[in-house]
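Structure data (mmCIF, C-alpha atoms and all ligand atoms) from final.cif:
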```cif
data_my_file
#
loop_
_atom_site.group_PDB
_atom_site.id
_atom_site.type_symbol
_atom_site.label_atom_id
_atom_site.label_comp_id
_atom_site.auth_asym_id
_atom_site.auth_seq_id
_atom_site.Cartn_x
_atom_site.Cartn_y
_atom_site.Cartn_z
ATOM 1 C CA MET A 29 112.312 156.513 86.799
ATOM 2 C CA LYS A 30 110.734 153.760 88.910
ATOM 3 C CA ILE A 31 107.267 152.733 87.772
ATOM 4 C CA GLN A 32 104.558 150.287 88.849
ATOM 5 C CA LEU A 33 103.219 147.174 87.111
ATOM 6 C CA GLU A 34 100.248 148.984 85.514
ATOM 7 C CA GLN A 35 102.481 151.609 83.910
ATOM 8 C CA ALA A 36 104.828 148.936 82.548
ATOM 9 C CA CYS A 37 101.839 147.164 81.002
ATOM 10 C CA ALA A 38 100.606 150.421 79.452
ATOM 11 C CA LEU A 39 104.024 150.949 77.813
ATOM 12 C CA LEU A 40 104.019 147.401 76.434
ATOM 13 C CA GLN A 41 100.420 147.669 75.222
ATOM 14 C CA GLY A 42 101.136 150.961 73.476
ATOM 15 C CA ALA A 43 104.021 149.565 71.440
ATOM 16 C CA GLN A 44 103.872 147.742 68.098
ATOM 17 C CA ARG A 45 107.493 146.696 67.474
ATOM 18 C CA VAL A 46 109.338 145.600 70.609
ATOM 19 C CA LEU A 47 113.050 144.890 70.902
ATOM 20 C CA LEU A 48 113.936 142.744 73.935
ATOM 21 C CA LEU A 49 117.454 142.772 75.392
ATOM 22 C CA SER A 50 119.121 140.066 77.506
ATOM 23 C CA HIS A 51 122.393 140.462 79.436
ATOM 24 C CA GLN A 52 125.771 139.169 78.234
ATOM 25 C CA ASN A 53 126.643 135.543 79.027
ATOM 26 C CA PRO A 54 122.884 134.959 79.148
ATOM 27 C CA ASP A 55 121.445 132.677 81.833
ATOM 28 C CA GLY A 56 118.092 130.928 82.177
ATOM 29 C CA ASP A 57 116.458 133.915 83.858
ATOM 30 C CA THR A 58 117.319 136.646 81.359
ATOM 31 C CA LEU A 59 116.495 134.314 78.430
ATOM 32 C CA GLY A 60 113.340 132.914 80.030
ATOM 33 C CA SER A 61 112.212 136.507 80.704
ATOM 34 C CA ALA A 62 112.824 137.654 77.128
ATOM 35 C CA PHE A 63 111.268 134.606 75.463
ATOM 36 C CA ALA A 64 108.201 134.517 77.736
ATOM 37 C CA LEU A 65 107.523 138.240 77.353
ATOM 38 C CA GLY A 66 108.227 138.050 73.620
ATOM 39 C CA LEU A 67 105.774 135.180 73.158
ATOM 40 C CA ALA A 68 103.121 136.997 75.181
ATOM 41 C CA LEU A 69 103.557 140.209 73.163
ATOM 42 C CA ARG A 70 103.317 138.207 69.953
ATOM 43 C CA GLN A 71 99.956 136.895 71.155
ATOM 44 C CA LEU A 72 98.892 140.536 71.421
ATOM 45 C CA GLY A 73 99.741 140.957 67.723
ATOM 46 C CA LYS A 74 103.051 142.765 68.182
ATOM 47 C CA GLN A 75 106.329 142.260 66.345
ATOM 48 C CA VAL A 76 109.149 141.153 68.652
ATOM 49 C CA ARG A 77 112.791 140.268 68.463
ATOM 50 C CA LEU A 78 115.521 139.493 70.960
ATOM 51 C CA GLU A 79 119.083 140.774 70.942
ATOM 52 C CA CYS A 80 121.931 139.621 73.168
ATOM 53 C CA SER A 81 125.699 140.119 72.939
ATOM 54 C CA ASP A 82 126.362 136.381 73.240
ATOM 55 C CA PRO A 83 124.696 133.378 71.600
ATOM 56 C CA VAL A 84 122.103 131.362 73.540
ATOM 57 C CA PRO A 85 123.943 128.457 75.253
ATOM 58 C CA PRO A 86 122.788 125.201 73.576
ATOM 59 C CA LYS A 87 121.441 123.677 76.812
ATOM 60 C CA TYR A 88 118.595 126.231 76.882
ATOM 61 C CA LEU A 89 117.468 125.649 73.298
ATOM 62 C CA PRO A 90 115.225 122.595 73.868
ATOM 63 C CA ILE A 91 113.307 124.586 76.500
ATOM 64 C CA LEU A 92 113.080 128.069 74.999
ATOM 65 C CA GLY A 93 111.834 127.130 71.546
ATOM 66 C CA GLU A 94 111.995 129.793 68.882
ATOM 67 C CA LEU A 95 111.388 133.495 68.811
ATOM 68 C CA PRO A 96 111.199 135.326 65.488
ATOM 69 C CA PHE A 97 114.235 137.488 64.812
ATOM 70 C CA GLY A 98 112.535 140.075 62.597
ATOM 71 C CA ALA A 99 114.405 143.079 61.284
ATOM 72 C CA PHE A 100 112.490 146.233 62.216
ATOM 73 C CA GLU A 101 112.994 149.606 63.781
ATOM 74 C CA PRO A 102 111.642 149.166 67.342
ATOM 75 C CA ASP A 103 109.239 151.624 68.936
ATOM 76 C CA LEU A 104 109.945 150.171 72.396
ATOM 77 C CA ILE A 105 113.234 148.789 73.763
ATOM 78 C CA VAL A 106 112.878 146.554 76.815
ATOM 79 C CA ALA A 107 115.780 145.218 78.926
ATOM 80 C CA VAL A 108 115.056 142.168 81.088
ATOM 81 C CA ASP A 109 117.100 141.035 84.116
ATOM 82 C CA ILE A 110 119.828 143.624 83.357
ATOM 83 C CA ALA A 111 120.801 145.554 86.498
ATOM 84 C CA ASP A 112 123.358 147.838 84.869
ATOM 85 C CA PRO A 113 124.377 148.957 81.337
ATOM 86 C CA GLN A 114 127.800 147.370 81.957
ATOM 87 C CA LEU A 115 126.101 143.982 81.598
ATOM 88 C CA PHE A 116 124.895 144.712 78.046
ATOM 89 C CA GLY A 117 128.172 143.477 76.531
ATOM 90 C CA LYS A 118 129.700 144.754 73.305
ATOM 91 C CA GLY A 119 127.103 143.409 70.861
ATOM 92 C CA ILE A 120 124.199 145.498 72.183
ATOM 93 C CA ALA A 121 126.171 148.378 73.751
ATOM 94 C CA ALA A 122 124.542 150.759 71.254
ATOM 95 C CA TYR A 123 121.245 150.450 73.188
ATOM 96 C CA ARG A 124 122.698 151.337 76.601
ATOM 97 C CA GLU A 125 121.147 154.785 76.676
ATOM 98 C CA ARG A 126 118.070 153.971 74.630
ATOM 99 C CA VAL A 127 116.213 151.580 76.934
ATOM 100 C CA ASP A 128 112.565 152.621 77.353
ATOM 101 C CA LEU A 129 111.623 149.981 79.904
ATOM 102 C CA CYS A 130 113.718 147.835 82.213
ATOM 103 C CA ILE A 131 112.104 144.919 84.048
ATOM 104 C CA ASP A 132 114.490 143.605 86.701
ATOM 105 C CA HIS A 133 114.782 142.022 90.150
ATOM 106 C CA HIS A 134 118.215 143.217 91.320
ATOM 107 C CA SER A 135 118.343 145.564 94.328
ATOM 108 C CA SER A 136 121.474 147.038 92.697
ATOM 109 C CA ASN A 137 119.529 148.176 89.584
ATOM 110 C CA SER A 138 121.112 151.476 88.542
ATOM 111 C CA ASP A 139 117.874 152.969 87.140
ATOM 112 C CA TYR A 140 119.512 153.571 83.733
ATOM 113 C CA ALA A 141 116.329 153.116 81.698
ATOM 114 C CA ALA A 142 113.636 155.735 81.047
ATOM 115 C CA HIS A 143 111.218 153.536 83.045
ATOM 116 C CA THR A 144 112.164 150.811 85.518
ATOM 117 C CA LEU A 145 109.937 148.142 87.012
ATOM 118 C CA VAL A 146 112.025 146.490 89.702
ATOM 119 C CA ASP A 147 111.168 144.067 92.502
ATOM 120 C CA PRO A 148 114.170 142.930 94.563
ATOM 121 C CA GLY A 149 111.808 140.598 96.437
ATOM 122 C CA ALA A 150 111.342 138.476 93.323
ATOM 123 C CA ALA A 151 113.685 135.482 93.459
ATOM 124 C CA ALA A 152 113.871 135.462 89.665
ATOM 125 C CA ASN A 153 113.027 138.104 87.100
ATOM 126 C CA CYS A 154 110.735 135.502 85.552
ATOM 127 C CA GLU A 155 108.598 135.750 88.708
ATOM 128 C CA LEU A 156 108.060 139.423 87.861
ATOM 129 C CA ILE A 157 107.501 138.702 84.147
ATOM 130 C CA TYR A 158 104.851 136.161 85.209
ATOM 131 C CA ARG A 159 102.995 138.998 86.957
ATOM 132 C CA VAL A 160 103.415 141.274 83.919
ATOM 133 C CA ILE A 161 101.993 138.655 81.538
ATOM 134 C CA ASN A 162 99.050 138.027 83.861
ATOM 135 C CA ALA A 163 98.404 141.770 84.089
ATOM 136 C CA LEU A 164 98.523 142.008 80.282
ATOM 137 C CA GLY A 165 95.722 139.442 80.239
ATOM 138 C CA VAL A 166 97.623 137.004 78.015
ATOM 139 C CA PRO A 167 96.820 133.342 78.777
ATOM 140 C CA ILE A 168 99.944 131.378 79.733
ATOM 141 C CA ASP A 169 100.389 128.564 77.211
ATOM 142 C CA PRO A 170 102.786 125.622 77.792
ATOM 143 C CA GLN A 171 105.612 127.334 75.879
ATOM 144 C CA ILE A 172 105.432 130.525 77.945
ATOM 145 C CA ALA A 173 105.128 128.386 81.092
ATOM 146 C CA ASP A 174 108.340 126.518 80.180
ATOM 147 C CA CYS A 175 110.267 129.786 79.703
ATOM 148 C CA LEU A 176 109.087 131.278 83.004
ATOM 149 C CA TYR A 177 109.664 128.060 84.942
ATOM 150 C CA LEU A 178 113.196 127.884 83.508
ATOM 151 C CA GLY A 179 114.101 131.315 84.903
ATOM 152 C CA ILE A 180 112.542 130.688 88.296
ATOM 153 C CA SER A 181 114.151 127.289 88.720
ATOM 154 C CA THR A 182 117.642 128.380 87.618
ATOM 155 C CA ASP A 183 117.772 131.611 89.658
ATOM 156 C CA THR A 184 116.744 129.740 92.813
ATOM 157 C CA GLY A 185 119.126 126.800 92.287
ATOM 158 C CA CYS A 186 116.078 124.566 91.888
ATOM 159 C CA PHE A 187 114.255 126.237 94.802
ATOM 160 C CA ARG A 188 117.129 125.636 97.251
ATOM 161 C CA TYR A 189 118.527 129.152 97.685
ATOM 162 C CA SER A 190 117.377 131.499 100.443
ATOM 163 C CA ASN A 191 115.868 133.904 97.864
ATOM 164 C CA THR A 192 113.044 131.368 97.340
ATOM 165 C CA THR A 193 109.744 132.530 98.851
ATOM 166 C CA ALA A 194 106.181 131.252 99.122
ATOM 167 C CA HIS A 195 105.403 133.473 96.084
ATOM 168 C CA THR A 196 108.147 131.722 94.125
ATOM 169 C CA HIS A 197 106.579 128.338 94.819
ATOM 170 C CA SER A 198 103.077 129.637 94.054
ATOM 171 C CA ALA A 199 104.224 130.964 90.689
ATOM 172 C CA ALA A 200 106.021 127.700 89.903
ATOM 173 C CA ALA A 201 102.960 125.679 90.909
ATOM 174 C CA ALA A 202 100.736 127.782 88.647
ATOM 175 C CA LEU A 203 103.195 127.357 85.765
ATOM 176 C CA ILE A 204 103.178 123.576 86.174
ATOM 177 C CA GLY A 205 99.401 123.864 86.018
ATOM 178 C CA CYS A 206 99.815 125.712 82.699
ATOM 179 C CA GLY A 207 101.927 122.884 81.296
ATOM 180 C CA ALA A 208 105.538 123.717 82.240
ATOM 181 C CA ARG A 209 107.709 120.611 81.793
ATOM 182 C CA HIS A 210 109.268 120.880 85.261
ATOM 183 C CA ALA A 211 110.918 117.458 85.417
ATOM 184 C CA LEU A 212 112.558 117.855 82.001
ATOM 185 C CA ILE A 213 113.699 121.420 82.736
ATOM 186 C CA ASN A 214 115.188 120.536 86.123
ATOM 187 C CA ARG A 215 116.933 117.474 84.752
ATOM 188 C CA LEU A 216 118.490 119.428 81.874
ATOM 189 C CA MET A 217 119.517 122.326 84.132
ATOM 190 C CA PHE A 218 120.698 120.532 87.250
ATOM 191 C CA GLU A 219 121.558 116.934 86.397
ATOM 192 C CA THR A 220 122.695 116.720 82.800
ATOM 193 C CA LYS A 221 126.298 117.797 82.188
ATOM 194 C CA SER A 222 128.348 117.839 79.015
ATOM 195 C CA HIS A 223 131.517 115.755 78.769
ATOM 196 C CA ALA A 224 133.509 119.000 78.734
ATOM 197 C CA GLN A 225 131.832 120.074 81.977
ATOM 198 C CA ILE A 226 132.646 116.807 83.748
ATOM 199 C CA GLU A 227 136.233 117.059 82.502
ATOM 200 C CA ILE A 228 136.748 120.644 83.706
ATOM 201 C CA GLU A 229 135.174 119.751 87.087
ATOM 202 C CA ARG A 230 137.529 116.788 87.414
ATOM 203 C CA LEU A 231 140.578 118.930 86.625
ATOM 204 C CA ALA A 232 139.463 121.757 88.895
ATOM 205 C CA MET A 233 138.657 119.509 91.868
ATOM 206 C CA ASN A 234 142.159 118.053 91.562
ATOM 207 C CA THR A 235 143.546 121.479 92.491
ATOM 208 C CA ILE A 236 141.620 121.757 95.758
ATOM 209 C CA GLU A 237 143.362 123.295 98.763
ATOM 210 C CA TYR A 238 142.009 123.843 102.265
ATOM 211 C CA HIS A 239 142.757 126.841 104.464
ATOM 212 C CA PHE A 240 141.657 128.162 107.870
ATOM 213 C CA GLY A 241 141.201 124.705 109.368
ATOM 214 C CA ALA A 242 139.344 123.481 106.231
ATOM 215 C CA ARG A 243 136.662 126.177 106.563
ATOM 216 C CA CYS A 244 137.827 127.628 103.250
ATOM 217 C CA ALA A 245 138.290 125.571 100.066
ATOM 218 C CA VAL A 246 140.091 126.962 97.014
ATOM 219 C CA ILE A 247 140.121 125.595 93.467
ATOM 220 C CA HIS A 248 141.487 127.045 90.254
ATOM 221 C CA VAL A 249 141.065 126.743 86.488
ATOM 222 C CA THR A 250 143.845 127.715 84.101
ATOM 223 C CA GLN A 251 143.547 128.518 80.392
ATOM 224 C CA GLU A 252 145.379 125.278 79.688
ATOM 225 C CA MET A 253 142.791 123.283 81.652
ATOM 226 C CA LEU A 254 139.982 125.069 79.820
ATOM 227 C CA GLN A 255 141.462 124.294 76.428
ATOM 228 C CA HIS A 256 142.113 120.681 77.371
ATOM 229 C CA SER A 257 138.512 120.181 78.526
ATOM 230 C CA GLY A 258 136.896 122.138 75.703
ATOM 231 C CA ALA A 259 134.500 123.754 78.214
ATOM 232 C CA THR A 260 132.835 127.035 77.263
ATOM 233 C CA GLU A 261 132.215 130.021 79.527
ATOM 234 C CA SER A 262 128.612 129.005 80.260
ATOM 235 C CA GLU A 263 129.716 125.455 81.093
ATOM 236 C CA LEU A 264 131.728 126.844 84.004
ATOM 237 C CA ASP A 265 128.621 128.298 85.666
ATOM 238 C CA GLY A 266 128.090 125.615 88.289
ATOM 239 C CA LEU A 267 131.733 125.070 89.086
ATOM 240 C CA SER A 268 132.184 127.759 91.750
ATOM 241 C CA ALA A 269 129.396 126.275 93.872
ATOM 242 C CA LYS A 270 131.183 122.902 94.088
ATOM 243 C CA PRO A 271 133.686 123.510 96.933
ATOM 244 C CA ARG A 272 130.874 124.847 99.125
ATOM 245 C CA GLN A 273 129.256 121.412 98.988
ATOM 246 C CA ILE A 274 132.050 120.101 101.210
ATOM 247 C CA GLU A 275 131.082 119.535 104.830
ATOM 248 C CA GLY A 276 132.451 122.263 107.100
ATOM 249 C CA VAL A 277 133.426 124.623 104.268
ATOM 250 C CA ASP A 278 132.004 128.129 104.760
ATOM 251 C CA VAL A 279 133.930 129.896 102.008
ATOM 252 C CA ALA A 280 134.476 128.474 98.535
ATOM 253 C CA VAL A 281 136.905 130.301 96.267
ATOM 254 C CA THR A 282 137.325 129.634 92.546
ATOM 255 C CA LEU A 283 140.112 131.348 90.588
ATOM 256 C CA ARG A 284 139.673 131.341 86.823
ATOM 257 C CA GLU A 285 142.508 132.442 84.570
ATOM 258 C CA LYS A 286 141.290 134.912 81.939
ATOM 259 C CA GLU A 287 142.511 134.927 78.351
ATOM 260 C CA GLY A 288 144.208 138.299 78.673
ATOM 261 C CA GLY A 289 145.878 137.312 81.974
ATOM 262 C CA GLY A 290 144.780 137.756 85.571
ATOM 263 C CA TYR A 291 142.171 135.803 87.519
ATOM 264 C CA LYS A 292 138.424 136.090 87.838
ATOM 265 C CA ILE A 293 137.560 135.201 91.424
ATOM 266 C CA SER A 294 134.230 133.691 92.476
ATOM 267 C CA VAL A 295 133.414 133.468 96.175
ATOM 268 C CA ARG A 296 130.516 131.402 97.521
ATOM 269 C CA SER A 297 129.780 131.365 101.241
ATOM 270 C CA ASN A 298 127.514 130.009 103.918
ATOM 271 C CA ALA A 299 125.899 132.366 106.446
ATOM 272 C CA PRO A 300 127.159 134.339 108.285
ATOM 273 C CA VAL A 301 130.271 134.688 106.101
ATOM 274 C CA ASP A 302 129.737 137.642 103.737
ATOM 275 C CA ALA A 303 131.094 136.872 100.259
ATOM 276 C CA SER A 304 130.401 140.399 99.015
ATOM 277 C CA ALA A 305 132.546 141.894 101.830
ATOM 278 C CA ILE A 306 135.462 139.683 100.783
ATOM 279 C CA CYS A 307 135.136 140.720 97.126
ATOM 280 C CA LYS A 308 134.517 144.380 97.934
ATOM 281 C CA ALA A 309 137.896 144.469 99.694
ATOM 282 C CA LEU A 310 139.388 143.359 96.366
ATOM 283 C CA GLY A 311 137.518 145.850 94.186
ATOM 284 C CA GLY A 312 134.551 143.613 93.264
ATOM 285 C CA GLY A 313 131.073 143.043 94.646
ATOM 286 C CA GLY A 314 127.940 140.917 94.576
ATOM 287 C CA HIS A 315 125.536 139.268 96.970
ATOM 288 C CA ALA A 316 126.046 138.034 100.536
ATOM 289 C CA ARG A 317 126.339 134.378 99.497
ATOM 290 C CA ALA A 318 127.794 134.816 95.977
ATOM 291 C CA ALA A 319 130.226 137.499 94.861
ATOM 292 C CA GLY A 320 133.129 138.087 92.493
ATOM 293 C CA CYS A 321 136.147 140.218 91.662
ATOM 294 C CA PHE A 322 139.114 140.341 89.309
ATOM 295 C CA ILE A 323 142.798 140.252 90.277
ATOM 296 C CA ARG A 324 145.469 140.982 87.714
ATOM 297 C CA ASP A 325 148.341 138.962 89.187
ATOM 298 C CA THR A 326 149.888 135.489 89.250
ATOM 299 C CA LEU A 327 147.900 132.547 90.571
ATOM 300 C CA GLU A 328 149.794 132.344 93.856
ATOM 301 C CA ALA A 329 149.633 136.097 94.483
ATOM 302 C CA ALA A 330 145.915 136.227 93.655
ATOM 303 C CA LYS A 331 145.254 133.318 96.012
ATOM 304 C CA THR A 332 147.161 134.997 98.838
ATOM 305 C CA ARG A 333 145.182 138.206 98.414
ATOM 306 C CA VAL A 334 141.830 136.410 98.489
ATOM 307 C CA LEU A 335 142.809 134.468 101.613
ATOM 308 C CA GLN A 336 143.892 137.701 103.305
ATOM 309 C CA ALA A 337 140.551 139.285 102.425
ATOM 310 C CA ALA A 338 138.665 136.223 103.714
ATOM 311 C CA ALA A 339 140.550 136.062 107.037
ATOM 312 C CA PRO A 340 138.574 138.774 108.924
ATOM 313 C CA GLN A 341 135.278 137.228 107.769
ATOM 314 C CA LEU A 342 136.211 133.795 109.056
ATOM 315 C CA GLN A 343 137.536 135.185 112.321
ATOM 316 C CA SER A 344 134.483 137.349 113.044
ATOM 317 C CA SER A 345 132.063 134.553 112.214
ATOM 318 C CA GLU A 346 133.915 132.263 114.612
ATOM 319 C CA GLN A 347 132.927 134.493 117.520
ATOM 320 C CA GLU A 348 129.212 134.391 116.658
HETATM 321 MN MN MN B 1 117.881 136.936 87.371
#
```
Please rewrite the model in this file as structure tokens.
Amino acid sequence: MKIQLEQACALLQGAQRVLLLSHQNPDGDTLGSAFALGLALRQLGKQVRLECSDPVPPKYLPILGELPFGAFEPDLIVAVDIADPQLFGKGIAAYRERVDLCIDHHSSNSDYAAHTLVDPGAAANCELIYRVINALGVPIDPQIADCLYLGISTDTGCFRYSNTTAHTHSAAAALIGCGARHALINRLMFETKSHAQIEIERLAMNTIEYHFGARCAVIHVTQEMLQHSGATESELDGLSAKPRQIEGVDVAVTLREKEGGGYKISVRSNAPVDASAICKALGGGGHARAAGCFIRDTLEAAKTRVLQAAAPQLQSSEQE
């Protein structure tokens, strides 16, 4: 059931022991949301703990700080930035049908929780959590400000993506006023890379191929390359955006070999090319500028199928 901000606050205020859930392969937004809300609820005298199917990637640790992981039977279960129960992952699958409150910003939210506060206009879920914390009347200390700023900055690609609004900037400005360490956060998120990340980028960029008169760039990552580089799943996050940086490229395709075989495909596009239409044709989905799908086939066959799916998009956008 969809609810408004006031009702979400009433649910949070009425609880004593709150379990917060973040999505699998956690990113800065789902973690920033959980930590910020958890810290705010702790200020209201409540017990809180966070559960997630995967460990927190080390790069977020210097920003997020610590949240107590108390063992208690929750009287309120809150999912943050999780659009669908499929994104819970194995570790917290047991809570899929027990979520009391979901706070999310995806238009695709499947309304799986008993109560859902959703705002697809929020660039980051942390933008919505910022409003929740303000409505709860909890003062935003520097630690909460760091967590919220982290989510907003990462979900907007450091305020570059088209989801960024005037509200996004206002929230970020207020958070800097509350002590968010914006320069440190943006450096750690957007400039600093691990050696493994640089190595996997180097190997992947070596595989680049151009198609459709260089309007489409394709790279791939094999299991062998992954093992050689030592890169983890979360260290591959920025890779699929790389080929789109190339002048004249409107569609960037990254094929990633999965452990059990087959390829995870990431498509990034520039307007008006619709990445989600390309992936939908292959059984996947996503957003207009960023989408994904999975193809269980050899590298060459998977590549051919993606290029076939991209062809109508590139042709129709040519006429515009
Ligand atoms: Mn998000």
ask   = By how many Å are CA of Ser257 in chain A and CA of Val281 in chain A apart?
value =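 Atom-to-atom, CA of Ser257 in chain A to CA of Val281 in chain A, that is 20.5 Å.
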Per residue of chain A within 7 Å of ligand MN 1 (chain B), which atom pair is closest and at what distance in Å (one decimal), using all atoms listed in the file, listed by chain and increasing number, as JSON lines?
```
{"residue": "A:Asp57", "atom": "CA", "partner": "B:MN1", "partner_atom": "MN", "distance": 4.8}
{"residue": "A:Thr58", "atom": "CA", "partner": "B:MN1", "partner_atom": "MN", "distance": 6.0}
{"residue": "A:Asp109", "atom": "CA", "partner": "B:MN1", "partner_atom": "MN", "distance": 5.3}
{"residue": "A:His133", "atom": "CA", "partner": "B:MN1", "partner_atom": "MN", "distance": 6.6}
{"residue": "A:Ala152", "atom": "CA", "partner": "B:MN1", "partner_atom": "MN", "distance": 4.8}
{"residue": "A:Asn153", "atom": "CA", "partner": "B:MN1", "partner_atom": "MN", "distance": 5.0}
{"residue": "A:Asp183", "atom": "CA", "partner": "B:MN1", "partner_atom": "MN", "distance": 5.8}
```
Nearest to His210 in chain A, chosen from A:Leu156, A:Val295, A:Leu72, A:Ile91, with all atoms listed in the file counted in the distances = A:Ile91
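When all atoms listed in the file are used to compute distances to Gly149 in chain A, the closest of the residues A:Ala194, A:Ala208, A:Leu327, A:Leu178 turns out to be A:Ala194.
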Within 9 Å of Ala339 in chain A using only C-alpha atoms, minus same-chain residues under 5 positions, as number ranges by chain = A: 240, 306, 334, 344
request  = Give me the result of the PyMOL selection byres (((chain A and resi 30) around 9) and not hetatm) on this file, residue by residue, as a PyMOL selection string.
outcome  = chain A and resi 29+31-32+139+142-146
query = From the list A:Glu328, A:Asp103, A:Tyr123, A:Gln35, which residue is nearest Ser50 in chain A when using all atoms listed in the file?
reply =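 Going through A:Glu328, A:Asp103, A:Tyr123, A:Gln35 one by one, the smallest distance to Ser50 in chain A is for A:Tyr123.
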task = Please provide as a PyMOL selection string all residues within 10 Å of range 73-77 of chain A, with the sequence filter that same-chain residues fewer than 3 positions apart are discarded (counting only C-alpha atoms).
result = chain A and resi 40-49+62-63+65-70+95-100+102+104
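Nearest to Cys37 in chain A of all the residues A:Val84, A:Leu216, A:Ile161, A:Leu59 is A:Ile161, based on all atoms listed in the file.
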message = With the PyMOL selection byres (((chain A and resi 277) around 9) and not hetatm) as the selection, what would be picked from this file? Answer as JSON, numbers by chain, please.
response = {"A": [238, 242, 243, 244, 245, 271, 272, 273, 274, 275, 276, 278, 279, 280, 297, 298]}
Would you fill the gaps in range 70-76 of chain A so it has all heavy atoms, then print it as a JSON list (two decimals), keeping the file's coordinate frame?
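This is the output file out-v7.json:
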```
[["chain", "number", "residue", "atom", "x", "y", "z"],
["A", 70, "ARG", "N", 103.69, 138.70, 71.28],
["A", 70, "ARG", "CA", 103.32, 138.21, 69.95],
["A", 70, "ARG", "C", 101.83, 137.82, 69.94],
["A", 70, "ARG", "O", 101.14, 138.02, 68.97],
["A", 70, "ARG", "CB", 104.19, 137.02, 69.58],
["A", 70, "ARG", "CG", 104.47, 136.98, 68.09],
["A", 70, "ARG", "CD", 105.60, 136.07, 67.78],
["A", 70, "ARG", "NE", 105.40, 134.77, 68.40],
["A", 70, "ARG", "CZ", 105.94, 133.65, 67.95],
["A", 70, "ARG", "NH1", 106.70, 133.68, 66.88],
["A", 70, "ARG", "NH2", 105.76, 132.51, 68.57],
["A", 71, "GLN", "N", 101.39, 137.25, 71.06],
["A", 71, "GLN", "CA", 99.96, 136.90, 71.16],
["A", 71, "GLN", "C", 99.08, 138.13, 71.10],
["A", 71, "GLN", "O", 97.91, 138.05, 70.75],
["A", 71, "GLN", "CB", 99.68, 136.12, 72.44],
["A", 71, "GLN", "CG", 100.15, 134.69, 72.36],
["A", 71, "GLN", "CD", 99.51, 133.81, 73.42],
["A", 71, "GLN", "OE1", 98.40, 134.10, 73.89],
["A", 71, "GLN", "NE2", 100.20, 132.76, 73.82],
["A", 72, "LEU", "N", 99.65, 139.28, 71.49],
["A", 72, "LEU", "CA", 98.89, 140.54, 71.42],
["A", 72, "LEU", "C", 99.04, 141.20, 70.04],
["A", 72, "LEU", "O", 98.65, 142.34, 69.86],
["A", 72, "LEU", "CB", 99.37, 141.50, 72.51],
["A", 72, "LEU", "CG", 99.08, 141.09, 73.97],
["A", 72, "LEU", "CD1", 99.75, 142.04, 74.94],
["A", 72, "LEU", "CD2", 97.57, 141.06, 74.22],
["A", 73, "GLY", "N", 99.64, 140.46, 69.10],
["A", 73, "GLY", "CA", 99.74, 140.96, 67.72],
["A", 73, "GLY", "C", 100.92, 141.87, 67.46],
["A", 73, "GLY", "O", 100.96, 142.57, 66.45],
["A", 74, "LYS", "N", 101.90, 141.87, 68.37],
["A", 74, "LYS", "CA", 103.05, 142.76, 68.18],
["A", 74, "LYS", "C", 104.22, 142.04, 67.53],
["A", 74, "LYS", "O", 104.35, 140.83, 67.65],
["A", 74, "LYS", "CB", 103.47, 143.33, 69.54],
["A", 74, "LYS", "CG", 102.34, 144.13, 70.17],
["A", 74, "LYS", "CD", 102.63, 144.54, 71.56],
["A", 74, "LYS", "CE", 101.38, 145.05, 72.28],
["A", 74, "LYS", "NZ", 100.59, 146.06, 71.56],
["A", 75, "GLN", "N", 105.08, 142.81, 66.87],
["A", 75, "GLN", "CA", 106.33, 142.26, 66.34],
["A", 75, "GLN", "C", 107.34, 142.27, 67.48],
["A", 75, "GLN", "O", 107.44, 143.24, 68.22],
["A", 75, "GLN", "CB", 106.86, 143.14, 65.22],
["A", 75, "GLN", "CG", 106.21, 142.91, 63.88],
["A", 75, "GLN", "CD", 106.89, 143.77, 62.82],
["A", 75, "GLN", "OE1", 106.54, 144.93, 62.65],
["A", 75, "GLN", "NE2", 107.87, 143.21, 62.15],
["A", 76, "VAL", "N", 108.12, 141.19, 67.60],
["A", 76, "VAL", "CA", 109.15, 141.15, 68.65],
["A", 76, "VAL", "C", 110.44, 140.55, 68.12],
["A", 76, "VAL", "O", 110.41, 139.70, 67.22],
["A", 76, "VAL", "CB", 108.74, 140.29, 69.88],
["A", 76, "VAL", "CG1", 107.94, 141.08, 70.86],
["A", 76, "VAL", "CG2", 108.02, 139.03, 69.48]]
```
